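Trainee: So that we are looking at the same thing, I have put the structure below in structure tokens.
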Amino acid sequence: MTDQNALQQAIDYVLDRVKAQDAAADVIANRSNNFSLKANQGELDEYKVTSGQVIGVRVIKDQRTATSYSESLDLASLDLMVNNALINAQYSQQDQHQKISCLDSRLATIEPEVYQIETATVDDKIALALSLEQGVVTKPHAKSAPYNGFAESDNHVILANTEGTLCSHNERSTYCYAYTLYEKDGKQAMHGGMSSGRLFHQLDPFYCINHGYDMAQALLDGAPIASKHYSVIFTLSALSNLFSAYGMCLSGQAAMKGINPWRDALHSQVASPLLTITDTAYVNGGFAIKAFDSEGFATRDTRLIGDGKLQSLLHNSHTASYFGIENTANGSRSAKGGLGVGGSHTVISAGSSSDAEIAAGEYLELVELQGVHSGADAVSGDFSFGASGFLCRDGQRLQAVRGITVAGNFYQMIKEIDAVGNQLDNDYSRSFYAPKIRFSRLNIAGK
């Protein structure tokens, strides 16, 4: 019996057991294979092959909901999983809005780019992993490549429920990375580069090596600058990191719980008119392409912010029912968890400003943020964290900057935007797409 047949049989068995108890349920079964390599001093330091499977059930009976999961597909384990969920449901609060509401969905992710046959050999992958470290340490003043590696994953997901839904998704992805520890004249700096793709041949190890080295070298002599307000441009990875810390403001689940500061802000101005953000189901080359959400509804695009006005939050069937509005098909659930909401590709629309217009005058280019999630308050919007980058003027880097603290309020920051660039780019994760954005004024504490 193939792994896929085994997962399907386990799902059918679980659904039959749930229906026999006059309950409703959805089931997620996931099988994954992972391979990773790391190098140290010219030799492989890690050669790891892992595989696993997990099946999880969300049961609803008498308007009470609970989840349970099992990493074994034997019948005794599946029986225990179902029984635990049914027992736990008895002690949960009744909730008329949480239902198994996706009926007879038969969706599969069919975009060829998402799951392709890999032709690279293990020897190819080992050679790449070794080359990452070697490429760094052969450069002048590169003391080591303390973090480096190659990894790939192969995932298969089946989603089914007691209402006739049966959906499947296969995906493959790979990535590599290399960090340079640069040391000269008693000073050190470290930075890294990462590359991702669906297949081995799409990786760019030279970018990983050179970007990490060049940035570490450029930051070496960085020092604090005068404390004051500066215009700021974040690199895409830094901007993605910052936006992810405030994802709650676009969550219908957070609104339902009463902790979303934008709960009552629909159709009002929450950002600069220059800002438009869409949750986009399909982006060419994106890593969040999936035909269905974690309830089985077909994924689709949702405009979240249009010209600075809040157009929608992300919703699943539960939050949509609670607010009496349309489901945006953003249900998110792992086999081991309960139902939540989650986005696919975050796309900030391009604006009309050229690179020269974005970079006019003095500004700070921030390339690295430290402790973003610990230094950010998603409810109030306040943040304070360490940063590194460059003081720039008219697109030219004047000096490296380190040892500063950037502080402000996210919800105020996105209202104060000077310019939005006219070209989109994606971060390493291939799920965040944005142009260059120049923010008017952030408080920088330096010297």
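Identifiers in the structure tokens: chain A, B, ... in order shown; residue index from 1 per chain; ligand index from 1 in order shown.
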Can you pull out every residue within 8 Å of Ala238 of chain A, counting only C-alpha atoms, but drop anything in the same chain fewer than 5 positions away, and send it as a list in words?

Mentor: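 The residues that qualify are Leu366, Val367, Glu368 and Leu369 of chain A.
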
Trainee: Could you please take those selected residues and save all heavy atoms as a JSON list (two decimals), in the first residue's frame?

Mentor:
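This went into out.json:
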[["chain", "number", "residue", "atom", "x", "y", "z"],
["A", 366, "LEU", "N", 17.60, 50.48, 6.32],
["A", 366, "LEU", "CA", 17.74, 49.48, 7.39],
["A", 366, "LEU", "C", 17.72, 48.08, 6.77],
["A", 366, "LEU", "O", 16.74, 47.69, 6.13],
["A", 366, "LEU", "CB", 16.62, 49.63, 8.42],
["A", 366, "LEU", "CG", 16.66, 50.95, 9.22],
["A", 366, "LEU", "CD1", 15.57, 50.97, 10.28],
["A", 366, "LEU", "CD2", 18.03, 51.18, 9.86],
["A", 367, "VAL", "N", 18.81, 47.35, 6.96],
["A", 367, "VAL", "CA", 18.95, 46.03, 6.34],
["A", 367, "VAL", "C", 18.77, 44.90, 7.33],
["A", 367, "VAL", "O", 18.56, 43.75, 6.93],
["A", 367, "VAL", "CB", 20.34, 45.90, 5.66],
["A", 367, "VAL", "CG1", 20.54, 46.99, 4.62],
["A", 367, "VAL", "CG2", 21.47, 45.92, 6.68],
["A", 368, "GLU", "N", 18.83, 45.21, 8.62],
["A", 368, "GLU", "CA", 18.71, 44.15, 9.62],
["A", 368, "GLU", "C", 18.02, 44.69, 10.86],
["A", 368, "GLU", "O", 18.37, 45.76, 11.36],
["A", 368, "GLU", "CB", 20.10, 43.60, 9.98],
["A", 368, "GLU", "CG", 20.06, 42.38, 10.89],
["A", 368, "GLU", "CD", 21.46, 41.82, 11.12],
["A", 368, "GLU", "OE1", 22.31, 41.92, 10.21],
["A", 368, "GLU", "OE2", 21.70, 41.29, 12.23],
["A", 369, "LEU", "N", 17.03, 43.95, 11.34],
["A", 369, "LEU", "CA", 16.31, 44.30, 12.56],
["A", 369, "LEU", "C", 16.50, 43.17, 13.57],
["A", 369, "LEU", "O", 16.42, 42.00, 13.21],
["A", 369, "LEU", "CB", 14.82, 44.49, 12.27],
["A", 369, "LEU", "CG", 14.46, 45.45, 11.13],
["A", 369, "LEU", "CD1", 12.95, 45.45, 10.90],
["A", 369, "LEU", "CD2", 14.95, 46.86, 11.44]]

Trainee: Run DSSP on the backbone and give me the residues of segment 148-247 of chain A it puts in strand (DSSP E), as a PyMOL selection string.

Mentor: chain A and resi 148-161+166-184+187-197+228-234

Trainee: Give the alpha helix (DSSP H) residues of segment 191-312 of chain A, as DSSP finds them on the backbone, and put them as a PDB file with C-alpha atoms, in the first residue's frame.

Mentor:
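File produced: out39.pdb:
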ATOM      1  CA  PRO A 205      24.541  29.687  -3.994  1.00  0.00           C
ATOM      2  CA  PHE A 206      26.736  32.493  -5.327  1.00  0.00           C
ATOM      3  CA  TYR A 207      24.169  35.057  -4.231  1.00  0.00           C
ATOM      4  CA  CYS A 208      24.135  33.505  -0.742  1.00  0.00           C
ATOM      5  CA  ILE A 209      27.928  33.678  -0.524  1.00  0.00           C
ATOM      6  CA  ASN A 210      28.439  37.105  -2.040  1.00  0.00           C
ATOM      7  CA  HIS A 211      25.494  38.921  -0.495  1.00  0.00           C
ATOM      8  CA  GLY A 212      26.331  37.769   3.020  1.00  0.00           C
ATOM      9  CA  TYR A 213      30.021  38.589   2.576  1.00  0.00           C
ATOM     10  CA  ASP A 214      29.514  41.956   0.913  1.00  0.00           C
ATOM     11  CA  MET A 215      26.976  43.100   3.497  1.00  0.00           C
ATOM     12  CA  ALA A 216      29.081  41.939   6.457  1.00  0.00           C
ATOM     13  CA  GLN A 217      32.078  43.766   4.989  1.00  0.00           C
ATOM     14  CA  ALA A 218      30.026  46.913   4.396  1.00  0.00           C
ATOM     15  CA  LEU A 219      28.637  46.899   7.953  1.00  0.00           C
ATOM     16  CA  LEU A 236      12.461  43.748   1.632  1.00  0.00           C
ATOM     17  CA  SER A 237      13.400  41.050   4.153  1.00  0.00           C
ATOM     18  CA  ALA A 238      13.360  43.606   6.982  1.00  0.00           C
ATOM     19  CA  LEU A 239      10.022  45.023   5.813  1.00  0.00           C
ATOM     20  CA  SER A 240       8.551  41.526   5.596  1.00  0.00           C
ATOM     21  CA  ASN A 241       9.763  40.795   9.118  1.00  0.00           C
ATOM     22  CA  LEU A 242       8.191  43.979  10.429  1.00  0.00           C
ATOM     23  CA  PHE A 243       4.839  43.456   8.684  1.00  0.00           C
ATOM     24  CA  SER A 244       4.638  39.869   9.942  1.00  0.00           C
ATOM     25  CA  ALA A 245       4.837  41.126  13.531  1.00  0.00           C
ATOM     26  CA  GLY A 252     -10.700  38.246  11.497  1.00  0.00           C
ATOM     27  CA  GLN A 253     -10.004  35.812  14.320  1.00  0.00           C
ATOM     28  CA  ALA A 254      -8.197  38.503  16.319  1.00  0.00           C
ATOM     29  CA  ALA A 255     -11.176  40.794  15.658  1.00  0.00           C
ATOM     30  CA  MET A 256     -13.562  38.106  16.887  1.00  0.00           C
TER      31      MET A 256
END

Trainee: Within 10 Å of Phe292 of chain A, counting only C-alpha atoms, which residues show up once you throw out same-chain ones fewer than 5 positions away? Write them as a PyMOL selection string, please.

Mentor: chain A and resi 105-109+159+167-169+281+297-300+329-331

Trainee: Tell me, as a PyMOL selection string, which residues lie within 8 Å of Val49 of chain A, counting only C-alpha atoms; anything in the same chain fewer than 2 positions away does not count.

Mentor: chain A and resi 33-36+47+51

Trainee: Just the selected residues (all heavy atoms), exported as a PDB file, in the first residue's frame, please.

Mentor:
ATOM      1  N   ASN A  33       8.610  14.515   3.651  1.00  0.00           N
ATOM      2  CA  ASN A  33       9.973  13.999   3.586  1.00  0.00           C
ATOM      3  C   ASN A  33      10.911  15.199   3.514  1.00  0.00           C
ATOM      4  O   ASN A  33      10.699  16.111   2.702  1.00  0.00           O
ATOM      5  CB  ASN A  33      10.163  13.116   2.345  1.00  0.00           C
ATOM      6  CG  ASN A  33       9.269  11.889   2.377  1.00  0.00           C
ATOM      7  OD1 ASN A  33       9.423  11.023   3.213  1.00  0.00           O
ATOM      8  ND2 ASN A  33       8.309  11.843   1.462  1.00  0.00           N
ATOM      9  N   ASN A  34      11.934  15.192   4.347  1.00  0.00           N
ATOM     10  CA  ASN A  34      12.852  16.325   4.425  1.00  0.00           C
ATOM     11  C   ASN A  34      14.298  15.852   4.378  1.00  0.00           C
ATOM     12  O   ASN A  34      14.636  14.785   4.910  1.00  0.00           O
ATOM     13  CB  ASN A  34      12.611  17.104   5.728  1.00  0.00           C
ATOM     14  CG  ASN A  34      11.183  17.581   5.860  1.00  0.00           C
ATOM     15  OD1 ASN A  34      10.774  18.514   5.192  1.00  0.00           O
ATOM     16  ND2 ASN A  34      10.408  16.916   6.706  1.00  0.00           N
ATOM     17  N   PHE A  35      15.132  16.663   3.764  1.00  0.00           N
ATOM     18  CA  PHE A  35      16.551  16.345   3.616  1.00  0.00           C
ATOM     19  C   PHE A  35      17.342  17.618   3.835  1.00  0.00           C
ATOM     20  O   PHE A  35      17.012  18.663   3.248  1.00  0.00           O
ATOM     21  CB  PHE A  35      16.799  15.786   2.204  1.00  0.00           C
ATOM     22  CG  PHE A  35      18.241  15.465   1.896  1.00  0.00           C
ATOM     23  CD1 PHE A  35      19.040  14.773   2.790  1.00  0.00           C
ATOM     24  CD2 PHE A  35      18.800  15.868   0.686  1.00  0.00           C
ATOM     25  CE1 PHE A  35      20.361  14.484   2.497  1.00  0.00           C
ATOM     26  CE2 PHE A  35      20.117  15.582   0.376  1.00  0.00           C
ATOM     27  CZ  PHE A  35      20.904  14.877   1.287  1.00  0.00           C
ATOM     28  N   SER A  36      18.362  17.585   4.694  1.00  0.00           N
ATOM     29  CA  SER A  36      19.148  18.790   4.947  1.00  0.00           C
ATOM     30  C   SER A  36      20.623  18.452   5.099  1.00  0.00           C
ATOM     31  O   SER A  36      20.991  17.358   5.543  1.00  0.00           O
ATOM     32  CB  SER A  36      18.644  19.523   6.197  1.00  0.00           C
ATOM     33  OG  SER A  36      18.759  18.709   7.345  1.00  0.00           O
ATOM     34  N   TYR A  47      23.940  15.554   7.888  1.00  0.00           N
ATOM     35  CA  TYR A  47      23.302  14.868   6.757  1.00  0.00           C
ATOM     36  C   TYR A  47      22.051  14.242   7.354  1.00  0.00           C
ATOM     37  O   TYR A  47      22.112  13.212   8.005  1.00  0.00           O
ATOM     38  CB  TYR A  47      24.235  13.798   6.189  1.00  0.00           C
ATOM     39  CG  TYR A  47      23.715  13.076   4.959  1.00  0.00           C
ATOM     40  CD1 TYR A  47      24.303  13.282   3.713  1.00  0.00           C
ATOM     41  CD2 TYR A  47      22.653  12.174   5.038  1.00  0.00           C
ATOM     42  CE1 TYR A  47      23.857  12.616   2.581  1.00  0.00           C
ATOM     43  CE2 TYR A  47      22.183  11.510   3.919  1.00  0.00           C
ATOM     44  CZ  TYR A  47      22.789  11.721   2.698  1.00  0.00           C
ATOM     45  OH  TYR A  47      22.334  11.060   1.574  1.00  0.00           O
ATOM     46  N   SER A  51      11.374  11.790   7.774  1.00  0.00           N
ATOM     47  CA  SER A  51      10.043  11.667   7.178  1.00  0.00           C
ATOM     48  C   SER A  51       9.050  11.494   8.304  1.00  0.00           C
ATOM     49  O   SER A  51       9.389  11.013   9.389  1.00  0.00           O
ATOM     50  CB  SER A  51       9.979  10.483   6.208  1.00  0.00           C
ATOM     51  OG  SER A  51      10.235   9.274   6.892  1.00  0.00           O
TER      52      SER A  51
END

Trainee: Name the residues in contact with Gln90 of chain A at a cut-off of 9 Å, using only C-alpha atoms, excluding same-chain residues fewer than 2 positions from it; report them as a ChimeraX atom specification.

Mentor: /A:61-62,64-66,85-88,92-93

Trainee: For the selection just defined, write its residues with C-alpha atoms to a file, as a JSON list (two decimals), in the first residue's frame.

Mentor:
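Contents of selection-v9.json, freshly written:
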[["chain", "number", "residue", "atom", "x", "y", "z"],
["A", 61, "LYS", "CA", -20.95, 17.85, 18.16],
["A", 62, "ASP", "CA", -23.82, 19.73, 19.80],
["A", 64, "ARG", "CA", -19.01, 22.03, 20.76],
["A", 65, "THR", "CA", -15.61, 21.70, 19.12],
["A", 66, "ALA", "CA", -12.31, 19.98, 19.91],
["A", 85, "ALA", "CA", -11.64, 14.74, 20.51],
["A", 86, "LEU", "CA", -15.23, 13.75, 21.29],
["A", 87, "ILE", "CA", -14.58, 13.71, 25.03],
["A", 88, "ASN", "CA", -12.78, 17.06, 24.97],
["A", 92, "SER", "CA", -15.78, 23.11, 25.41],
["A", 93, "GLN", "CA", -18.12, 26.07, 25.18]]

Trainee: As a ChimeraX atom specification, please: the residues near Gln53 of chain A (cut-off 7 Å, only C-alpha atoms, same-chain neighbours under 6 positions excluded).

Mentor: /A:30-32,71

Trainee: Using all heavy atoms, can you export the residues from the last selection as a short mmCIF file (atom, residue, chain, number, x, y, z; two decimals), in the first residue's frame?

Mentor:
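File produced: part-v4.cif:
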data_model
loop_
_atom_site.label_atom_id
_atom_site.label_comp_id
_atom_site.auth_asym_id
_atom_site.auth_seq_id
_atom_site.Cartn_x
_atom_site.Cartn_y
_atom_site.Cartn_z
N ASN A 30 -1.16 14.68 6.76
CA ASN A 30 0.03 15.24 6.14
C ASN A 30 1.18 14.23 6.17
O ASN A 30 1.44 13.61 7.20
CB ASN A 30 0.44 16.51 6.90
CG ASN A 30 1.66 17.17 6.30
OD1 ASN A 30 1.58 17.75 5.24
ND2 ASN A 30 2.78 17.09 6.98
N ARG A 31 1.82 14.07 5.04
CA ARG A 31 3.04 13.24 4.96
C ARG A 31 4.15 14.12 4.41
O ARG A 31 3.96 14.84 3.42
CB ARG A 31 2.80 12.05 4.04
CG ARG A 31 4.05 11.23 3.76
CD ARG A 31 3.76 10.05 2.85
NE ARG A 31 3.05 10.44 1.63
CZ ARG A 31 3.63 10.99 0.56
NH1 ARG A 31 4.91 11.27 0.57
NH2 ARG A 31 2.90 11.29 -0.51
N SER A 32 5.32 14.06 5.03
CA SER A 32 6.43 14.91 4.58
C SER A 32 7.75 14.14 4.58
O SER A 32 7.96 13.23 5.40
CB SER A 32 6.57 16.14 5.49
OG SER A 32 6.89 15.76 6.81
N GLU A 71 0.17 10.49 15.29
CA GLU A 71 1.26 10.28 14.35
C GLU A 71 1.34 8.83 13.89
O GLU A 71 2.22 8.47 13.12
CB GLU A 71 2.58 10.74 14.97
CG GLU A 71 2.60 12.25 15.21
CD GLU A 71 3.89 12.76 15.82
OE1 GLU A 71 4.73 11.91 16.19
OE2 GLU A 71 4.07 13.98 15.92
#

Trainee: Restricting the calculation to only C-alpha atoms, which member of A:Gln412, A:Gln134, A:Ser173, A:Ser352 is positioned closest to Ala271 of chain A?

Mentor: A:Gln412
